[in-house]
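Data from upload-v1.txt: compact mmCIF, N, CA and C atoms
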```txt
# COMPACT_ATOMS: atom_id res chain seq x y z
N MET A 1 -91.41 -69.96 60.58
CA MET A 1 -90.97 -68.76 61.32
C MET A 1 -90.31 -69.18 62.63
N LYS A 2 -89.15 -68.61 62.88
CA LYS A 2 -88.49 -69.04 64.11
C LYS A 2 -89.15 -68.41 65.33
N ASP A 3 -89.01 -69.12 66.44
CA ASP A 3 -89.62 -68.63 67.67
C ASP A 3 -89.01 -67.30 68.08
N THR A 4 -89.80 -66.52 68.74
CA THR A 4 -89.31 -65.29 69.33
C THR A 4 -88.67 -65.63 70.66
N VAL A 5 -87.46 -65.13 70.87
CA VAL A 5 -86.79 -65.31 72.16
C VAL A 5 -86.47 -63.91 72.70
N ILE A 6 -87.18 -63.55 73.76
CA ILE A 6 -87.05 -62.22 74.33
C ILE A 6 -86.03 -62.26 75.46
N ALA A 7 -85.05 -61.38 75.39
CA ALA A 7 -84.05 -61.28 76.46
C ALA A 7 -84.40 -60.08 77.33
N VAL A 8 -84.44 -60.30 78.65
CA VAL A 8 -84.77 -59.23 79.59
C VAL A 8 -83.67 -59.16 80.65
N PRO A 9 -82.98 -58.00 80.77
CA PRO A 9 -81.98 -57.86 81.84
C PRO A 9 -82.67 -58.05 83.18
N SER A 10 -82.09 -58.90 84.04
CA SER A 10 -82.76 -59.29 85.27
C SER A 10 -81.86 -59.19 86.49
N GLU A 11 -82.50 -58.95 87.63
CA GLU A 11 -81.80 -59.04 88.90
C GLU A 11 -81.66 -60.52 89.25
N ALA A 12 -80.63 -60.86 90.04
CA ALA A 12 -80.45 -62.25 90.46
C ALA A 12 -81.68 -62.68 91.25
N PRO A 13 -82.12 -63.91 91.12
CA PRO A 13 -81.52 -65.02 90.37
C PRO A 13 -82.01 -65.12 88.92
N GLY A 14 -82.82 -64.18 88.45
CA GLY A 14 -83.37 -64.26 87.10
C GLY A 14 -84.64 -65.11 87.09
N GLY A 15 -85.25 -65.21 85.92
CA GLY A 15 -86.48 -65.98 85.80
C GLY A 15 -87.68 -65.07 85.62
N LEU A 16 -88.83 -65.65 85.34
CA LEU A 16 -90.03 -64.88 85.04
C LEU A 16 -90.48 -63.99 86.18
N ASP A 17 -90.22 -64.41 87.42
CA ASP A 17 -90.67 -63.62 88.56
C ASP A 17 -89.58 -62.67 89.08
N ALA A 18 -88.44 -62.65 88.42
CA ALA A 18 -87.35 -61.77 88.84
C ALA A 18 -87.68 -60.32 88.54
N LEU A 19 -87.10 -59.43 89.31
CA LEU A 19 -87.21 -58.01 89.01
C LEU A 19 -86.39 -57.71 87.78
N ARG A 20 -86.92 -56.83 86.96
CA ARG A 20 -86.16 -56.40 85.79
C ARG A 20 -85.05 -55.46 86.23
N SER A 21 -83.88 -55.62 85.63
CA SER A 21 -82.76 -54.74 85.94
C SER A 21 -82.85 -53.50 85.05
N GLY A 22 -82.72 -52.34 85.67
CA GLY A 22 -82.78 -51.10 84.90
C GLY A 22 -81.51 -50.84 84.12
N HIS A 23 -80.42 -51.49 84.49
CA HIS A 23 -79.15 -51.22 83.83
C HIS A 23 -78.71 -52.42 83.01
N PHE A 24 -78.93 -52.32 81.73
CA PHE A 24 -78.66 -53.42 80.80
C PHE A 24 -77.24 -53.98 80.93
N GLY A 25 -76.24 -53.13 80.89
CA GLY A 25 -74.86 -53.60 80.82
C GLY A 25 -74.36 -54.27 82.09
N ARG A 26 -74.91 -53.87 83.22
CA ARG A 26 -74.40 -54.40 84.49
C ARG A 26 -75.42 -55.26 85.22
N CYS A 27 -76.40 -55.77 84.50
CA CYS A 27 -77.39 -56.62 85.15
C CYS A 27 -76.74 -57.92 85.60
N ASP A 28 -77.37 -58.58 86.57
CA ASP A 28 -76.85 -59.84 87.08
C ASP A 28 -76.94 -60.95 86.04
N ALA A 29 -78.05 -60.95 85.31
CA ALA A 29 -78.32 -62.03 84.37
C ALA A 29 -79.33 -61.55 83.34
N PHE A 30 -79.51 -62.36 82.32
CA PHE A 30 -80.58 -62.14 81.35
C PHE A 30 -81.54 -63.31 81.45
N THR A 31 -82.82 -63.01 81.50
CA THR A 31 -83.82 -64.07 81.41
C THR A 31 -84.23 -64.14 79.95
N LEU A 32 -84.08 -65.30 79.34
CA LEU A 32 -84.47 -65.50 77.95
C LEU A 32 -85.79 -66.24 77.94
N VAL A 33 -86.77 -65.66 77.29
CA VAL A 33 -88.13 -66.20 77.30
C VAL A 33 -88.55 -66.50 75.86
N ALA A 34 -88.82 -67.76 75.60
CA ALA A 34 -89.29 -68.16 74.27
C ALA A 34 -90.80 -68.01 74.22
N VAL A 35 -91.28 -67.35 73.16
CA VAL A 35 -92.70 -67.09 73.02
C VAL A 35 -93.17 -67.61 71.66
N LYS A 36 -94.26 -68.32 71.69
CA LYS A 36 -94.84 -68.85 70.45
C LYS A 36 -96.33 -68.52 70.48
N ALA A 37 -96.81 -67.85 69.45
CA ALA A 37 -98.23 -67.48 69.35
C ALA A 37 -98.71 -66.76 70.61
N GLY A 38 -97.86 -65.88 71.14
CA GLY A 38 -98.25 -65.07 72.29
C GLY A 38 -98.18 -65.77 73.63
N GLN A 39 -97.71 -67.02 73.64
CA GLN A 39 -97.62 -67.77 74.89
C GLN A 39 -96.17 -68.08 75.24
N VAL A 40 -95.85 -68.01 76.52
CA VAL A 40 -94.51 -68.39 76.97
C VAL A 40 -94.38 -69.91 76.89
N VAL A 41 -93.38 -70.38 76.14
CA VAL A 41 -93.18 -71.82 76.03
C VAL A 41 -91.94 -72.29 76.77
N ASP A 42 -91.04 -71.37 77.08
CA ASP A 42 -89.82 -71.75 77.78
C ASP A 42 -89.15 -70.51 78.34
N SER A 43 -88.43 -70.67 79.43
CA SER A 43 -87.60 -69.56 79.91
C SER A 43 -86.36 -70.14 80.57
N ARG A 44 -85.27 -69.41 80.46
CA ARG A 44 -84.02 -69.83 81.08
C ARG A 44 -83.22 -68.60 81.43
N VAL A 45 -82.27 -68.78 82.32
CA VAL A 45 -81.47 -67.66 82.81
C VAL A 45 -80.03 -67.83 82.35
N VAL A 46 -79.48 -66.76 81.80
CA VAL A 46 -78.09 -66.76 81.34
C VAL A 46 -77.34 -65.69 82.12
N PRO A 47 -76.31 -66.06 82.89
CA PRO A 47 -75.55 -65.05 83.62
C PRO A 47 -74.91 -64.05 82.66
N ASN A 48 -74.86 -62.80 83.08
CA ASN A 48 -74.21 -61.77 82.26
C ASN A 48 -72.71 -62.01 82.27
N GLY A 49 -72.04 -61.63 81.20
CA GLY A 49 -70.59 -61.77 81.12
C GLY A 49 -69.88 -60.67 81.91
N GLU A 50 -68.59 -60.78 81.97
CA GLU A 50 -67.79 -59.75 82.64
C GLU A 50 -67.73 -58.51 81.78
N HIS A 51 -68.10 -57.38 82.36
CA HIS A 51 -68.16 -56.14 81.60
C HIS A 51 -66.77 -55.67 81.16
N GLN A 52 -65.74 -56.00 81.94
CA GLN A 52 -64.40 -55.49 81.63
C GLN A 52 -63.85 -56.07 80.33
N GLU A 53 -64.07 -57.36 80.11
CA GLU A 53 -63.53 -58.00 78.91
C GLU A 53 -64.40 -57.65 77.71
N GLY A 54 -63.97 -56.69 76.89
CA GLY A 54 -64.75 -56.37 75.70
C GLY A 54 -65.86 -55.38 75.97
N GLY A 55 -65.93 -54.90 77.20
CA GLY A 55 -66.85 -53.81 77.51
C GLY A 55 -68.30 -54.12 77.21
N CYS A 56 -68.99 -53.11 76.69
CA CYS A 56 -70.45 -53.19 76.56
C CYS A 56 -70.90 -54.08 75.41
N LEU A 57 -69.96 -54.64 74.65
CA LEU A 57 -70.39 -55.53 73.57
C LEU A 57 -70.46 -56.99 74.03
N VAL A 58 -70.00 -57.28 75.25
CA VAL A 58 -70.06 -58.65 75.77
C VAL A 58 -71.49 -59.20 75.75
N PRO A 59 -72.48 -58.46 76.29
CA PRO A 59 -73.84 -59.00 76.26
C PRO A 59 -74.38 -59.17 74.85
N VAL A 60 -73.90 -58.37 73.91
CA VAL A 60 -74.35 -58.50 72.52
C VAL A 60 -73.99 -59.89 72.01
N GLU A 61 -72.72 -60.26 72.16
CA GLU A 61 -72.27 -61.57 71.69
C GLU A 61 -72.95 -62.69 72.46
N LEU A 62 -73.08 -62.51 73.77
CA LEU A 62 -73.71 -63.51 74.63
C LEU A 62 -75.13 -63.80 74.16
N LEU A 63 -75.93 -62.76 74.00
CA LEU A 63 -77.34 -62.95 73.63
C LEU A 63 -77.49 -63.44 72.19
N PHE A 64 -76.58 -63.01 71.33
CA PHE A 64 -76.60 -63.49 69.95
C PHE A 64 -76.36 -65.00 69.93
N ARG A 65 -75.35 -65.45 70.68
CA ARG A 65 -75.05 -66.89 70.77
C ARG A 65 -76.20 -67.68 71.38
N GLU A 66 -76.91 -67.05 72.31
CA GLU A 66 -78.01 -67.74 73.00
C GLU A 66 -79.31 -67.73 72.20
N GLY A 67 -79.30 -67.09 71.06
CA GLY A 67 -80.46 -67.14 70.17
C GLY A 67 -81.54 -66.10 70.41
N ALA A 68 -81.20 -65.03 71.14
CA ALA A 68 -82.19 -63.98 71.39
C ALA A 68 -82.58 -63.31 70.07
N THR A 69 -83.87 -63.04 69.92
CA THR A 69 -84.34 -62.31 68.74
C THR A 69 -84.76 -60.89 69.11
N SER A 70 -85.04 -60.67 70.39
CA SER A 70 -85.48 -59.36 70.86
C SER A 70 -84.86 -59.09 72.22
N LEU A 71 -84.57 -57.83 72.49
CA LEU A 71 -84.07 -57.41 73.79
C LEU A 71 -84.97 -56.28 74.26
N VAL A 72 -85.42 -56.37 75.51
CA VAL A 72 -86.25 -55.31 76.06
C VAL A 72 -85.47 -54.64 77.18
N VAL A 73 -85.27 -53.34 77.05
CA VAL A 73 -84.44 -52.61 78.01
C VAL A 73 -85.17 -51.37 78.54
N GLY A 74 -84.68 -50.87 79.64
CA GLY A 74 -85.13 -49.58 80.14
C GLY A 74 -84.26 -48.48 79.56
N GLY A 75 -83.06 -48.84 79.14
CA GLY A 75 -82.12 -47.90 78.55
C GLY A 75 -80.90 -48.67 78.08
N ILE A 76 -80.18 -48.10 77.12
CA ILE A 76 -79.01 -48.78 76.57
C ILE A 76 -78.11 -47.74 75.92
N GLY A 77 -76.83 -48.02 75.89
CA GLY A 77 -75.88 -47.11 75.24
C GLY A 77 -75.86 -47.31 73.73
N ALA A 78 -75.29 -46.34 73.03
CA ALA A 78 -75.30 -46.37 71.56
C ALA A 78 -74.50 -47.55 70.99
N ARG A 79 -73.36 -47.87 71.59
CA ARG A 79 -72.53 -48.95 71.03
C ARG A 79 -73.20 -50.31 71.11
N PRO A 80 -73.68 -50.72 72.30
CA PRO A 80 -74.35 -52.02 72.32
C PRO A 80 -75.63 -52.02 71.49
N LEU A 81 -76.34 -50.91 71.44
CA LEU A 81 -77.55 -50.84 70.62
C LEU A 81 -77.20 -51.17 69.17
N GLN A 82 -76.17 -50.53 68.66
CA GLN A 82 -75.76 -50.77 67.28
C GLN A 82 -75.31 -52.21 67.09
N GLY A 83 -74.64 -52.75 68.11
CA GLY A 83 -74.19 -54.14 68.04
C GLY A 83 -75.36 -55.10 67.88
N PHE A 84 -76.43 -54.87 68.66
CA PHE A 84 -77.61 -55.73 68.54
C PHE A 84 -78.25 -55.58 67.17
N LEU A 85 -78.40 -54.35 66.72
CA LEU A 85 -79.03 -54.11 65.43
C LEU A 85 -78.23 -54.75 64.30
N ASP A 86 -76.90 -54.68 64.41
CA ASP A 86 -76.03 -55.29 63.40
C ASP A 86 -76.24 -56.80 63.32
N ARG A 87 -76.64 -57.41 64.42
CA ARG A 87 -76.83 -58.86 64.46
C ARG A 87 -78.29 -59.26 64.27
N GLY A 88 -79.13 -58.28 63.93
CA GLY A 88 -80.52 -58.59 63.64
C GLY A 88 -81.39 -58.83 64.87
N ILE A 89 -80.94 -58.35 66.02
CA ILE A 89 -81.72 -58.47 67.24
C ILE A 89 -82.45 -57.15 67.46
N GLU A 90 -83.78 -57.20 67.53
CA GLU A 90 -84.53 -55.96 67.73
C GLU A 90 -84.40 -55.52 69.18
N VAL A 91 -84.33 -54.21 69.38
CA VAL A 91 -84.23 -53.65 70.73
C VAL A 91 -85.47 -52.82 70.98
N LEU A 92 -86.20 -53.19 72.04
CA LEU A 92 -87.45 -52.53 72.39
C LEU A 92 -87.32 -51.88 73.76
N ILE A 93 -88.15 -50.90 73.98
CA ILE A 93 -88.14 -50.22 75.27
C ILE A 93 -89.57 -50.24 75.80
N GLY A 94 -89.69 -50.37 77.10
CA GLY A 94 -91.03 -50.38 77.67
C GLY A 94 -91.01 -50.65 79.15
N ALA A 95 -92.17 -50.53 79.75
CA ALA A 95 -92.31 -50.65 81.19
C ALA A 95 -92.45 -52.10 81.61
N GLY A 96 -92.47 -52.29 82.93
CA GLY A 96 -92.63 -53.62 83.51
C GLY A 96 -91.65 -53.79 84.64
N ASP A 97 -92.15 -54.10 85.83
CA ASP A 97 -91.27 -54.25 86.98
C ASP A 97 -90.61 -55.62 87.02
N ARG A 98 -91.37 -56.63 86.63
CA ARG A 98 -90.86 -58.00 86.65
C ARG A 98 -90.74 -58.52 85.22
N VAL A 99 -89.90 -59.52 85.06
CA VAL A 99 -89.69 -60.09 83.73
C VAL A 99 -91.02 -60.50 83.11
N ARG A 100 -91.88 -61.12 83.91
CA ARG A 100 -93.19 -61.57 83.43
C ARG A 100 -94.01 -60.40 82.85
N ASP A 101 -93.94 -59.24 83.53
CA ASP A 101 -94.68 -58.05 83.07
C ASP A 101 -94.15 -57.57 81.72
N VAL A 102 -92.85 -57.63 81.57
CA VAL A 102 -92.22 -57.20 80.32
C VAL A 102 -92.66 -58.11 79.17
N VAL A 103 -92.67 -59.42 79.44
CA VAL A 103 -93.08 -60.38 78.41
C VAL A 103 -94.55 -60.16 78.05
N ASP A 104 -95.39 -59.90 79.05
CA ASP A 104 -96.81 -59.61 78.78
C ASP A 104 -96.94 -58.38 77.89
N ALA A 105 -96.14 -57.35 78.20
CA ALA A 105 -96.18 -56.13 77.39
C ALA A 105 -95.75 -56.42 75.96
N TYR A 106 -94.76 -57.29 75.82
CA TYR A 106 -94.29 -57.67 74.49
C TYR A 106 -95.41 -58.36 73.70
N THR A 107 -96.04 -59.34 74.33
CA THR A 107 -97.03 -60.14 73.60
C THR A 107 -98.30 -59.34 73.29
N THR A 108 -98.55 -58.27 74.04
CA THR A 108 -99.73 -57.45 73.75
C THR A 108 -99.40 -56.24 72.88
N GLY A 109 -98.13 -56.14 72.45
CA GLY A 109 -97.75 -55.05 71.55
C GLY A 109 -97.58 -53.71 72.24
N ALA A 110 -97.33 -53.74 73.56
CA ALA A 110 -97.23 -52.48 74.30
C ALA A 110 -95.81 -51.89 74.30
N LEU A 111 -94.86 -52.61 73.73
CA LEU A 111 -93.48 -52.10 73.68
C LEU A 111 -93.25 -51.42 72.34
N ARG A 112 -92.25 -50.55 72.30
CA ARG A 112 -91.93 -49.91 71.02
C ARG A 112 -90.44 -50.01 70.76
N PRO A 113 -90.05 -49.98 69.50
CA PRO A 113 -88.61 -50.01 69.19
C PRO A 113 -87.93 -48.80 69.82
N ILE A 114 -86.72 -49.01 70.28
CA ILE A 114 -85.95 -47.93 70.89
C ILE A 114 -85.57 -46.94 69.79
N THR A 115 -85.49 -45.67 70.15
CA THR A 115 -85.09 -44.64 69.18
C THR A 115 -83.87 -43.91 69.72
N GLY A 116 -83.29 -43.09 68.89
CA GLY A 116 -82.10 -42.32 69.28
C GLY A 116 -82.29 -41.53 70.55
N GLY A 117 -83.51 -41.03 70.77
CA GLY A 117 -83.78 -40.24 71.96
C GLY A 117 -83.77 -41.03 73.24
N ASP A 118 -83.84 -42.38 73.13
CA ASP A 118 -83.85 -43.23 74.32
C ASP A 118 -82.45 -43.66 74.73
N VAL A 119 -81.47 -43.45 73.87
CA VAL A 119 -80.14 -43.97 74.11
C VAL A 119 -79.47 -43.25 75.28
N CYS A 120 -78.84 -44.03 76.15
CA CYS A 120 -78.14 -43.46 77.30
C CYS A 120 -76.82 -42.87 76.82
N GLY A 121 -76.61 -41.60 77.10
CA GLY A 121 -75.29 -41.02 76.89
C GLY A 121 -74.80 -40.79 78.31
N ALA A 122 -74.97 -39.57 78.76
CA ALA A 122 -74.85 -39.32 80.19
C ALA A 122 -76.13 -39.91 80.78
N HIS A 123 -76.05 -40.45 81.96
CA HIS A 123 -77.23 -41.10 82.52
C HIS A 123 -78.19 -40.07 83.08
N HIS A 124 -79.13 -39.66 82.24
CA HIS A 124 -80.16 -38.76 82.73
C HIS A 124 -81.48 -39.52 82.67
N HIS A 125 -82.25 -39.41 83.71
CA HIS A 125 -83.53 -40.11 83.76
C HIS A 125 -84.61 -39.07 83.89
N GLY A 126 -85.52 -39.03 82.90
CA GLY A 126 -86.53 -37.99 82.92
C GLY A 126 -87.88 -38.51 83.28
```

Can you present the structure in this file as structure tokens?
Amino acid sequence: MKDTVIAVPSEAPGGLDALRSGHFGRCDAFTLVAVKAGQVVDSRVVPNGEHQEGGCLVPVELLFREGATSLVVGGIGARPLQGFLDRGIEVLIGAGDRVRDVVDAYTTGALRPITGGDVCGAHHHG
């Protein structure tokens, strides 16, 4: 079974102690965290691509190339969501202020798959 690699949109400079970015498409970077048997075995930071070139699908290709198996977001638009799903990357939604908190939530099963009701259209926060 291949390792789980969780991608978390992060504020600069990224890393396990970085604040999680609430805006997936315009985050400074993604922190990629490799998890094996519920334990963090590695983490690295990948700068986000330019949003203008290819729009909201840029992070999809970036994370796919970097080997992400899961993405944890606070919200995401329909196009990038479909892009991730098309590439076999699961998209989860859940709480956590810092990247480390998000990973803990992942390993304890506290996150859930994103649903249509979570998708950002107009940005409304309830």

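Distance-wise, CA of Gly55 in chain A and atom C of Arg87 in chain A end up 18.3 Å apart.
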
> Which of these, A:Val73, A:Ala34, A:Val40, A:Ala78, has the shortest distance to Gly22 in chain A once you count all atoms listed in the file?
Replying inline: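 The closest residue to Gly22 in chain A is A:Val73.
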
> Using only N, CA and C atoms, which of the listed residues (A:Leu71, A:Ala29, A:Leu19, A:Asn48) sits closest to Ile6 in chain A?
Replying inline: A:Leu71

> How far is it from atom C of Gly67 in chain A to atom C of Gly116 in chain A, in Å with one decimal?
Replying inline: 24.6 Å

>> If you run DSSP on the backbone here, which positions in chain A get alpha helix (DSSP H)? Please write them as a list in words.
In response: Val58, Pro59, Val60, Glu61, Leu62, Leu63, Phe64, Arg65, Ala78, Arg79, Pro80, Leu81, Gln82, Gly83, Phe84, Leu85, Asp86, Val99, Arg100, Asp101, Val102, Val103, Asp104, Ala105, Tyr106 and Thr107 of chain A

> What lies within 6.5 Å of Ala18 in chain A using only N, CA and C atoms, ignoring chain neighbours under 6 positions off, as a list in words?
Replying inline: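 These residues fall inside the cut-off: Ser10, Glu11, Ala12, Asp97, Arg98, Val99 and Arg100 of chain A.
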
With N, CA and C atoms retained, write the just-selected residues as a PDB file, in the coordinates of the input.
```
ATOM      1  N   SER A  10     -82.090 -58.900  84.040  1.00  0.00           N
ATOM      2  CA  SER A  10     -82.760 -59.290  85.270  1.00  0.00           C
ATOM      3  C   SER A  10     -81.860 -59.190  86.490  1.00  0.00           C
ATOM      4  N   GLU A  11     -82.500 -58.950  87.630  1.00  0.00           N
ATOM      5  CA  GLU A  11     -81.800 -59.040  88.900  1.00  0.00           C
ATOM      6  C   GLU A  11     -81.660 -60.520  89.250  1.00  0.00           C
ATOM      7  N   ALA A  12     -80.630 -60.860  90.040  1.00  0.00           N
ATOM      8  CA  ALA A  12     -80.450 -62.250  90.460  1.00  0.00           C
ATOM      9  C   ALA A  12     -81.680 -62.680  91.250  1.00  0.00           C
ATOM     10  N   ASP A  97     -92.150 -54.100  85.830  1.00  0.00           N
ATOM     11  CA  ASP A  97     -91.270 -54.250  86.980  1.00  0.00           C
ATOM     12  C   ASP A  97     -90.610 -55.620  87.020  1.00  0.00           C
ATOM     13  N   ARG A  98     -91.370 -56.630  86.630  1.00  0.00           N
ATOM     14  CA  ARG A  98     -90.860 -58.000  86.650  1.00  0.00           C
ATOM     15  C   ARG A  98     -90.740 -58.520  85.220  1.00  0.00           C
ATOM     16  N   VAL A  99     -89.900 -59.520  85.060  1.00  0.00           N
ATOM     17  CA  VAL A  99     -89.690 -60.090  83.730  1.00  0.00           C
ATOM     18  C   VAL A  99     -91.020 -60.500  83.110  1.00  0.00           C
ATOM     19  N   ARG A 100     -91.880 -61.120  83.910  1.00  0.00           N
ATOM     20  CA  ARG A 100     -93.190 -61.570  83.430  1.00  0.00           C
ATOM     21  C   ARG A 100     -94.010 -60.400  82.850  1.00  0.00           C
TER      22      ARG A 100
END
```

>> Residues within 6 Å of Pro9 in chain A, please, as a VMD selection string. Count all atoms listed in the file; anything in the same chain fewer than 4 positions from it doesn't count.
In response: chain A and resid 19 to 21 24 27 29 to 31 72

> Could you state the separation of atom N of Val45 in chain A and CA of Arg79 in chain A in Å, given to one decimal place?
Replying inline: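 Between these atoms lies a distance of 24.8 Å.
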
> Using all atoms listed in the file, which of A:Val41, A:Cys56, A:Ile114, A:Val46 sits nearest Asp28 in chain A?
Replying inline: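 The closest residue to Asp28 in chain A is A:Val46.
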
> Leaving out Gly88 in chain A and any residue of its chain fewer than 3 positions from it, which residues lie within 6 Å of it when counting all atoms listed in the file, given as a count of residues only?
Replying inline: 3

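Distance annotation: of A:Cys120, A:Leu16, A:Ala68, A:Leu32, the residue with the minimal separation from Ile89 in chain A is A:Ala68; atom set is only C-alpha atoms.
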
Per-axis box centre and lengths in Å around range 103-111 of chain A, 6 Å margin per side, axis-aligned, as AutoDock Vina command-line options:
```
--center_x -96.2 --center_y -55.9 --center_z 75.5 --size_x 19.1 --size_y 21.0 --size_z 19.9
```

>> Taking all atoms listed in the file into account, name the residue in A:Pro80, A:Asp104, A:Ser70, A:Ile93 that is nearest to Val58 in chain A.
In response: A:Pro80

> For Val91 in chain A, which residue out of A:Pro47, A:Thr115, A:Glu61, A:Ala110 is the nearest one, using only N, CA and C atoms?
Replying inline: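 Closest candidate: A:Thr115.
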